[in-house]
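First up is the structure itself, then whatever we jot down about it.
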Amino acid sequence: MSLTRRSFLGMLGLLPAAQALRIPSAAATQVPTGAVPRRMFGRHQETLSCIGFGGHTLAMAPTVEEASNIAHYAIDQGVNFFDNCWEYHGGRAEDWMGQALSGGWRDKAFIMSKVCVHHGKPFKQPFTGTDKEIALQMLEQSLKRLKTDHLDLWMVHEIKDADVEPAFAKGGVIEALAEAKQKGLVRYVGFTGHDSPQAHVKFINGGFAFDASLMPVSVLGNTLHAKEFDTVVMPLLKEKGIACIGMKGFGGSKRAALHGMVTINQVINYALSYPDVTTQCIGIDSMAFAQQAVAAALTATPMTVEERNKFVELIQARGGSEYAAFLKEGYNDGACCIS
């Protein structure tokens, strides 16, 4: 029987993740190179790499020099989407990314960062004023840390049900998004969240023209209400022309990979099986992970709908929901090893 490219990748997907994610020492000199495929950014005439690198985990690299090497390697392979957030590691994530993308690299990157005016979870606020005023102060600080005069995408971070009404109220964070965009401090705006599809729906239908949303695209999270991100939120984003950016492919915890639940190839092939997913954000804290993610993107074979449904059933039968850390009580977005 001939071994097709799809069947070969499928066999890789059945290997324990700890093995499948490891680059053998004998192949250390065969670093994956190529042009990572790109996808349309919602209704806009712009494309993003089909995988993006998470800023929280990039700041977990051993040194800022290693983080810079990872970012430069990724950009050289065509990865242009870089995630970040004002609160990650007390600002170190943005600081390190700013250093990594200095010296001309910033012009090759699409930088996203997030504003943290949380109402739905405990949060010690270091600024004073209305949510709009606080958000703009955070943006000013983010721009300085990232060593840039603008963000490509500015997102409201980790929305929950309690965040909806304050966001759209007078002096709310939505006004900050509009003002920052009008002043050219940000090119696009959006929102993120990982445990309330209902909050996403309310934001989308709130009357503001968002450009993008970061949400779970995760086989591990396809349990209970989380399925509504796929069945309800994603079609609504498409209807509005809002770009869908995926996250939590590993469930917000490296445990899912270490226990052989999912592999990097499966995470990417699953995410890209949804035509409307612009990019899947992957947590990267080492050059080895970066090379594995690039290799998986270069050889990506998006699952068919039938394959995706069977994969979901398989992972659920194996107890995959236990590894959906982002749906667990007390989880905070960004507090993970690989997202």
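Simple scheme: letters A, B, ... for chains in structure tokens order, numbers from 1 for residues in each chain, numbers from 1 for ligands in the order shown.
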For the interface of region 222-303 of chain A with region 43-66 of chain A (cut-off 10 Å, counting only C-alpha atoms), please tabulate each contacting residue of region 222-303 of chain A alongside its nearest pair of atoms and their separation in Å to one decimal, rows sorted by chain and increasing number, as a Markdown table.
| residue | atom | partner | partner_atom | distance |
| --- | --- | --- | --- | --- |
| A:Lys238 | CA | A:Arg43 | CA | 8.7 |
| A:Glu239 | CA | A:Arg43 | CA | 9.9 |
| A:Lys240 | CA | A:Arg43 | CA | 8.2 |
| A:Gly241 | CA | A:Arg43 | CA | 4.7 |
| A:Ile242 | CA | A:Arg43 | CA | 6.5 |
| A:Ala243 | CA | A:Arg43 | CA | 7.1 |
| A:Ile245 | CA | A:Gly52 | CA | 9.2 |
| A:Gly246 | CA | A:Ile51 | CA | 9.0 |
| A:Met247 | CA | A:Gly54 | CA | 9.2 |
| A:Ile268 | CA | A:Ile51 | CA | 7.8 |
| A:Ala271 | CA | A:Cys50 | CA | 9.3 |
| A:Leu272 | CA | A:Cys50 | CA | 7.7 |
| A:Val277 | CA | A:Cys50 | CA | 8.2 |
| A:Thr278 | CA | A:Cys50 | CA | 6.2 |
| A:Thr279 | CA | A:Cys50 | CA | 4.2 |
| A:Gln280 | CA | A:Ile51 | CA | 4.7 |
| A:Cys281 | CA | A:Gly52 | CA | 4.5 |
| A:Ile282 | CA | A:Phe53 | CA | 5.2 |
| A:Gly283 | CA | A:Gly54 | CA | 4.8 |
| A:Ile284 | CA | A:Thr57 | CA | 5.4 |
| A:Asp285 | CA | A:Ala61 | CA | 4.7 |
| A:Ser286 | CA | A:Ala61 | CA | 5.8 |
| A:Met287 | CA | A:Glu66 | CA | 7.7 |
| A:Ala290 | CA | A:Phe53 | CA | 8.4 |
| A:Ala293 | CA | A:Ile51 | CA | 7.9 |
| A:Val294 | CA | A:Ile51 | CA | 8.0 |
| A:Ala296 | CA | A:Ile51 | CA | 9.5 |
| A:Ala297 | CA | A:Ile51 | CA | 6.9 |
| A:Leu298 | CA | A:Cys50 | CA | 9.6 |
| A:Ala300 | CA | A:Cys50 | CA | 9.6 |
Write out, as JSON lines, each residue of region 57-159 of chain A that has an atom at most 12 Å from region 169-188 of chain A, together with the closest pair of atoms and their distance in Å to one decimal, counting only C-alpha atoms, rows going by chain and rising number.
{"residue": "A:Phe110", "atom": "CA", "partner": "A:Arg187", "partner_atom": "CA", "distance": 10.2}
{"residue": "A:Ile111", "atom": "CA", "partner": "A:Val186", "partner_atom": "CA", "distance": 9.9}
{"residue": "A:Met112", "atom": "CA", "partner": "A:Tyr188", "partner_atom": "CA", "distance": 9.1}
{"residue": "A:Ser113", "atom": "CA", "partner": "A:Val186", "partner_atom": "CA", "distance": 10.0}
{"residue": "A:Lys114", "atom": "CA", "partner": "A:Leu177", "partner_atom": "CA", "distance": 10.8}
{"residue": "A:Val115", "atom": "CA", "partner": "A:Val173", "partner_atom": "CA", "distance": 8.6}
{"residue": "A:Cys116", "atom": "CA", "partner": "A:Val173", "partner_atom": "CA", "distance": 9.4}
{"residue": "A:Val117", "atom": "CA", "partner": "A:Val173", "partner_atom": "CA", "distance": 7.4}
{"residue": "A:His118", "atom": "CA", "partner": "A:Val173", "partner_atom": "CA", "distance": 10.1}
{"residue": "A:His119", "atom": "CA", "partner": "A:Val173", "partner_atom": "CA", "distance": 11.3}
{"residue": "A:Gly129", "atom": "CA", "partner": "A:Gly171", "partner_atom": "CA", "distance": 9.3}
{"residue": "A:Thr130", "atom": "CA", "partner": "A:Gly171", "partner_atom": "CA", "distance": 5.7}
{"residue": "A:Asp131", "atom": "CA", "partner": "A:Gly172", "partner_atom": "CA", "distance": 5.0}
{"residue": "A:Lys132", "atom": "CA", "partner": "A:Val173", "partner_atom": "CA", "distance": 4.6}
{"residue": "A:Glu133", "atom": "CA", "partner": "A:Ala176", "partner_atom": "CA", "distance": 7.3}
{"residue": "A:Ile134", "atom": "CA", "partner": "A:Val173", "partner_atom": "CA", "distance": 8.4}
{"residue": "A:Ala135", "atom": "CA", "partner": "A:Ala176", "partner_atom": "CA", "distance": 6.3}
{"residue": "A:Leu136", "atom": "CA", "partner": "A:Ala176", "partner_atom": "CA", "distance": 6.2}
{"residue": "A:Gln137", "atom": "CA", "partner": "A:Ala176", "partner_atom": "CA", "distance": 9.9}
{"residue": "A:Met138", "atom": "CA", "partner": "A:Ala176", "partner_atom": "CA", "distance": 10.5}
{"residue": "A:Leu139", "atom": "CA", "partner": "A:Leu185", "partner_atom": "CA", "distance": 8.5}
{"residue": "A:Glu140", "atom": "CA", "partner": "A:Leu185", "partner_atom": "CA", "distance": 9.0}
{"residue": "A:Ser142", "atom": "CA", "partner": "A:Leu185", "partner_atom": "CA", "distance": 10.9}
{"residue": "A:Leu143", "atom": "CA", "partner": "A:Leu185", "partner_atom": "CA", "distance": 8.6}
{"residue": "A:Lys144", "atom": "CA", "partner": "A:Leu185", "partner_atom": "CA", "distance": 11.8}
{"residue": "A:Thr148", "atom": "CA", "partner": "A:Leu185", "partner_atom": "CA", "distance": 9.5}
{"residue": "A:Asp149", "atom": "CA", "partner": "A:Leu185", "partner_atom": "CA", "distance": 6.7}
{"residue": "A:His150", "atom": "CA", "partner": "A:Leu185", "partner_atom": "CA", "distance": 4.5}
{"residue": "A:Leu151", "atom": "CA", "partner": "A:Val186", "partner_atom": "CA", "distance": 4.6}
{"residue": "A:Asp152", "atom": "CA", "partner": "A:Arg187", "partner_atom": "CA", "distance": 4.9}
{"residue": "A:Leu153", "atom": "CA", "partner": "A:Tyr188", "partner_atom": "CA", "distance": 4.6}
{"residue": "A:Trp154", "atom": "CA", "partner": "A:Tyr188", "partner_atom": "CA", "distance": 6.4}
{"residue": "A:Met155", "atom": "CA", "partner": "A:Leu177", "partner_atom": "CA", "distance": 8.3}
{"residue": "A:Val156", "atom": "CA", "partner": "A:Val173", "partner_atom": "CA", "distance": 7.7}
{"residue": "A:His157", "atom": "CA", "partner": "A:Val173", "partner_atom": "CA", "distance": 10.6}
{"residue": "A:Ile159", "atom": "CA", "partner": "A:Val173", "partner_atom": "CA", "distance": 11.5}
Selection from above, N, CA and C atoms, as a tab-separated table (two decimals), in the first residue's frame, can you write it?
chain	number	residue	atom	x	y	z
A	110	PHE	N	3.33	41.65	12.40
A	110	PHE	CA	1.99	42.12	12.70
A	110	PHE	C	1.83	41.92	14.20
A	111	ILE	N	1.89	43.01	14.97
A	111	ILE	CA	1.90	42.92	16.43
A	111	ILE	C	0.51	43.15	17.00
A	112	MET	N	0.07	42.20	17.80
A	112	MET	CA	-1.17	42.35	18.55
A	112	MET	C	-0.83	42.46	20.03
A	113	SER	N	-1.46	43.40	20.72
A	113	SER	CA	-1.39	43.41	22.18
A	113	SER	C	-2.79	43.68	22.72
A	114	LYS	N	-2.93	43.52	24.03
A	114	LYS	CA	-4.27	43.55	24.63
A	114	LYS	C	-4.31	44.53	25.79
A	115	VAL	N	-5.50	45.10	25.99
A	115	VAL	CA	-5.72	46.05	27.07
A	115	VAL	C	-6.51	45.35	28.18
A	116	CYS	N	-6.15	45.63	29.42
A	116	CYS	CA	-6.70	44.88	30.56
A	116	CYS	C	-7.53	45.78	31.48
A	117	VAL	N	-8.82	45.87	31.19
A	117	VAL	CA	-9.74	46.61	32.06
A	117	VAL	C	-10.81	45.63	32.53
A	118	HIS	N	-10.35	44.66	33.30
A	118	HIS	CA	-11.20	43.53	33.69
A	118	HIS	C	-12.29	43.93	34.69
A	119	HIS	N	-13.49	43.42	34.43
A	119	HIS	CA	-14.60	43.52	35.38
A	119	HIS	C	-15.06	42.13	35.79
A	129	GLY	N	-9.06	56.53	36.74
A	129	GLY	CA	-9.85	57.17	35.70
A	129	GLY	C	-10.93	56.25	35.19
A	130	THR	N	-11.60	56.65	34.12
A	130	THR	CA	-12.60	55.81	33.48
A	130	THR	C	-11.89	54.66	32.77
A	131	ASP	N	-12.65	53.65	32.37
A	131	ASP	CA	-12.04	52.54	31.64
A	131	ASP	C	-11.37	53.04	30.36
A	132	LYS	N	-11.98	54.01	29.71
A	132	LYS	CA	-11.37	54.58	28.50
A	132	LYS	C	-10.03	55.20	28.83
A	133	GLU	N	-9.97	55.99	29.89
A	133	GLU	CA	-8.73	56.67	30.27
A	133	GLU	C	-7.66	55.67	30.68
A	134	ILE	N	-8.08	54.65	31.42
A	134	ILE	CA	-7.14	53.62	31.85
A	134	ILE	C	-6.58	52.86	30.64
A	135	ALA	N	-7.47	52.53	29.72
A	135	ALA	CA	-7.06	51.79	28.53
A	135	ALA	C	-6.03	52.57	27.71
A	136	LEU	N	-6.25	53.86	27.55
A	136	LEU	CA	-5.32	54.67	26.76
A	136	LEU	C	-3.98	54.82	27.47
A	137	GLN	N	-3.98	54.83	28.81
A	137	GLN	CA	-2.72	54.83	29.55
A	137	GLN	C	-1.97	53.51	29.34
A	138	MET	N	-2.71	52.42	29.33
A	138	MET	CA	-2.09	51.12	29.07
A	138	MET	C	-1.51	51.07	27.66
A	139	LEU	N	-2.24	51.61	26.71
A	139	LEU	CA	-1.77	51.61	25.32
A	139	LEU	C	-0.47	52.39	25.20
A	140	GLU	N	-0.41	53.55	25.84
A	140	GLU	CA	0.81	54.35	25.80
A	140	GLU	C	2.00	53.55	26.34
A	142	SER	N	2.22	50.22	26.49
A	142	SER	CA	2.48	49.11	25.58
A	142	SER	C	3.32	49.55	24.39
A	143	LEU	N	3.01	50.70	23.83
A	143	LEU	CA	3.77	51.21	22.68
A	143	LEU	C	5.23	51.46	23.05
A	144	LYS	N	5.46	51.99	24.25
A	144	LYS	CA	6.83	52.24	24.69
A	144	LYS	C	7.59	50.94	24.87
A	148	THR	N	7.40	50.84	19.38
A	148	THR	CA	6.71	51.11	18.13
A	148	THR	C	5.77	52.30	18.30
A	149	ASP	N	5.39	52.92	17.20
A	149	ASP	CA	4.47	54.05	17.28
A	149	ASP	C	3.02	53.63	17.04
A	150	HIS	N	2.81	52.33	16.78
A	150	HIS	CA	1.44	51.86	16.59
A	150	HIS	C	1.37	50.35	16.78
A	151	LEU	N	0.21	49.85	17.13
A	151	LEU	CA	-0.06	48.42	17.15
A	151	LEU	C	-0.84	48.07	15.89
A	152	ASP	N	-0.61	46.87	15.38
A	152	ASP	CA	-1.40	46.42	14.24
A	152	ASP	C	-2.79	45.99	14.70
A	153	LEU	N	-2.86	45.43	15.91
A	153	LEU	CA	-4.15	44.98	16.44
A	153	LEU	C	-4.16	45.16	17.95
A	154	TRP	N	-5.20	45.84	18.44
A	154	TRP	CA	-5.36	46.09	19.89
A	154	TRP	C	-6.66	45.44	20.33
A	155	MET	N	-6.56	44.57	21.32
A	155	MET	CA	-7.71	43.75	21.72
A	155	MET	C	-8.09	43.99	23.18
A	156	VAL	N	-9.38	43.95	23.47
A	156	VAL	CA	-9.85	43.92	24.86
A	156	VAL	C	-9.58	42.51	25.38
A	157	HIS	N	-8.87	42.42	26.47
A	157	HIS	CA	-8.38	41.12	26.94
A	157	HIS	C	-9.39	40.35	27.77
A	159	ILE	N	-12.54	38.79	27.77
A	159	ILE	CA	-13.87	39.25	28.16
A	159	ILE	C	-14.68	38.13	28.80
>> Please compute the CA of Gly251 (chain A)-CA of Leu327 (chain A) distance, one decimal, in Å.
In response: 8.4 Å
Per residue of region 139-249 of chain A within 7 Å of region 86-102 of chain A, what are the shortest atom pair and its distance in Å to one decimal, counting only C-alpha atoms, with rows by chain and residue number, as a tab-separated table?
residue	atom	partner	partner_atom	distance
A:Ser142	CA	A:Trp86	CA	6.0
A:Arg145	CA	A:Asp95	CA	4.7
A:Leu146	CA	A:Gly98	CA	3.7
A:Lys147	CA	A:Gly98	CA	5.2
Identify, on the basis of only C-alpha atoms, every residue whose closest approach to region 218-223 of chain A does not exceed 8 Å; exclude the query and any residue fewer than 5 positions from it along the same chain; express the result as a compact mmCIF listing (two decimals) with N, CA and C atoms, in the first residue's frame.
# COMPACT_ATOMS: atom_id res chain seq x y z
N GLY A 246 -7.41 31.87 16.31
CA GLY A 246 -7.57 30.75 17.22
C GLY A 246 -6.51 30.70 18.30
N MET A 247 -6.88 30.09 19.42
CA MET A 247 -5.94 29.86 20.52
C MET A 247 -6.38 28.61 21.29
N LYS A 248 -5.59 28.25 22.30
CA LYS A 248 -5.86 27.13 23.22
C LYS A 248 -5.88 25.78 22.50
N GLY A 249 -5.06 25.65 21.46
CA GLY A 249 -4.97 24.37 20.76
C GLY A 249 -4.49 23.26 21.65
N PHE A 250 -3.63 23.60 22.61
CA PHE A 250 -3.15 22.63 23.59
C PHE A 250 -3.93 22.74 24.90
N GLY A 251 -5.03 23.46 24.88
CA GLY A 251 -5.88 23.55 26.06
C GLY A 251 -5.41 24.53 27.11
N VAL A 267 -2.93 19.85 16.21
CA VAL A 267 -3.44 21.15 16.61
C VAL A 267 -3.60 22.07 15.40
N TYR A 270 -6.18 20.67 12.77
CA TYR A 270 -7.53 20.85 13.29
C TYR A 270 -7.97 22.30 13.12
N ALA A 271 -7.12 23.24 13.57
CA ALA A 271 -7.48 24.66 13.50
C ALA A 271 -7.71 25.11 12.06
N PHE A 311 -12.04 13.18 14.94
CA PHE A 311 -10.95 13.54 15.85
C PHE A 311 -11.51 14.04 17.17
N VAL A 312 -12.55 14.86 17.09
CA VAL A 312 -13.20 15.36 18.31
C VAL A 312 -13.74 14.20 19.14
N ILE A 315 -10.79 12.32 20.82
CA ILE A 315 -10.18 13.03 21.94
C ILE A 315 -11.14 13.06 23.13
N GLN A 316 -12.42 13.23 22.88
CA GLN A 316 -13.39 13.24 23.97
C GLN A 316 -13.45 11.87 24.66
N GLY A 320 -10.14 14.02 26.79
CA GLY A 320 -9.45 15.26 26.44
C GLY A 320 -9.93 16.48 27.18
N SER A 321 -11.20 16.48 27.59
CA SER A 321 -11.74 17.66 28.28
C SER A 321 -10.99 17.94 29.58
N GLU A 322 -10.40 16.92 30.17
CA GLU A 322 -9.65 17.10 31.41
C GLU A 322 -8.44 18.01 31.20
N TYR A 323 -7.97 18.10 29.94
CA TYR A 323 -6.79 18.90 29.63
C TYR A 323 -7.15 20.29 29.10
N ALA A 324 -8.43 20.62 29.10
CA ALA A 324 -8.86 21.97 28.70
C ALA A 324 -8.72 22.91 29.89
N PHE A 326 -8.07 25.94 30.17
CA PHE A 326 -8.63 27.28 30.07
C PHE A 326 -10.10 27.34 30.46
N LEU A 327 -10.74 26.17 30.62
CA LEU A 327 -12.13 26.15 31.06
C LEU A 327 -12.25 25.80 32.54
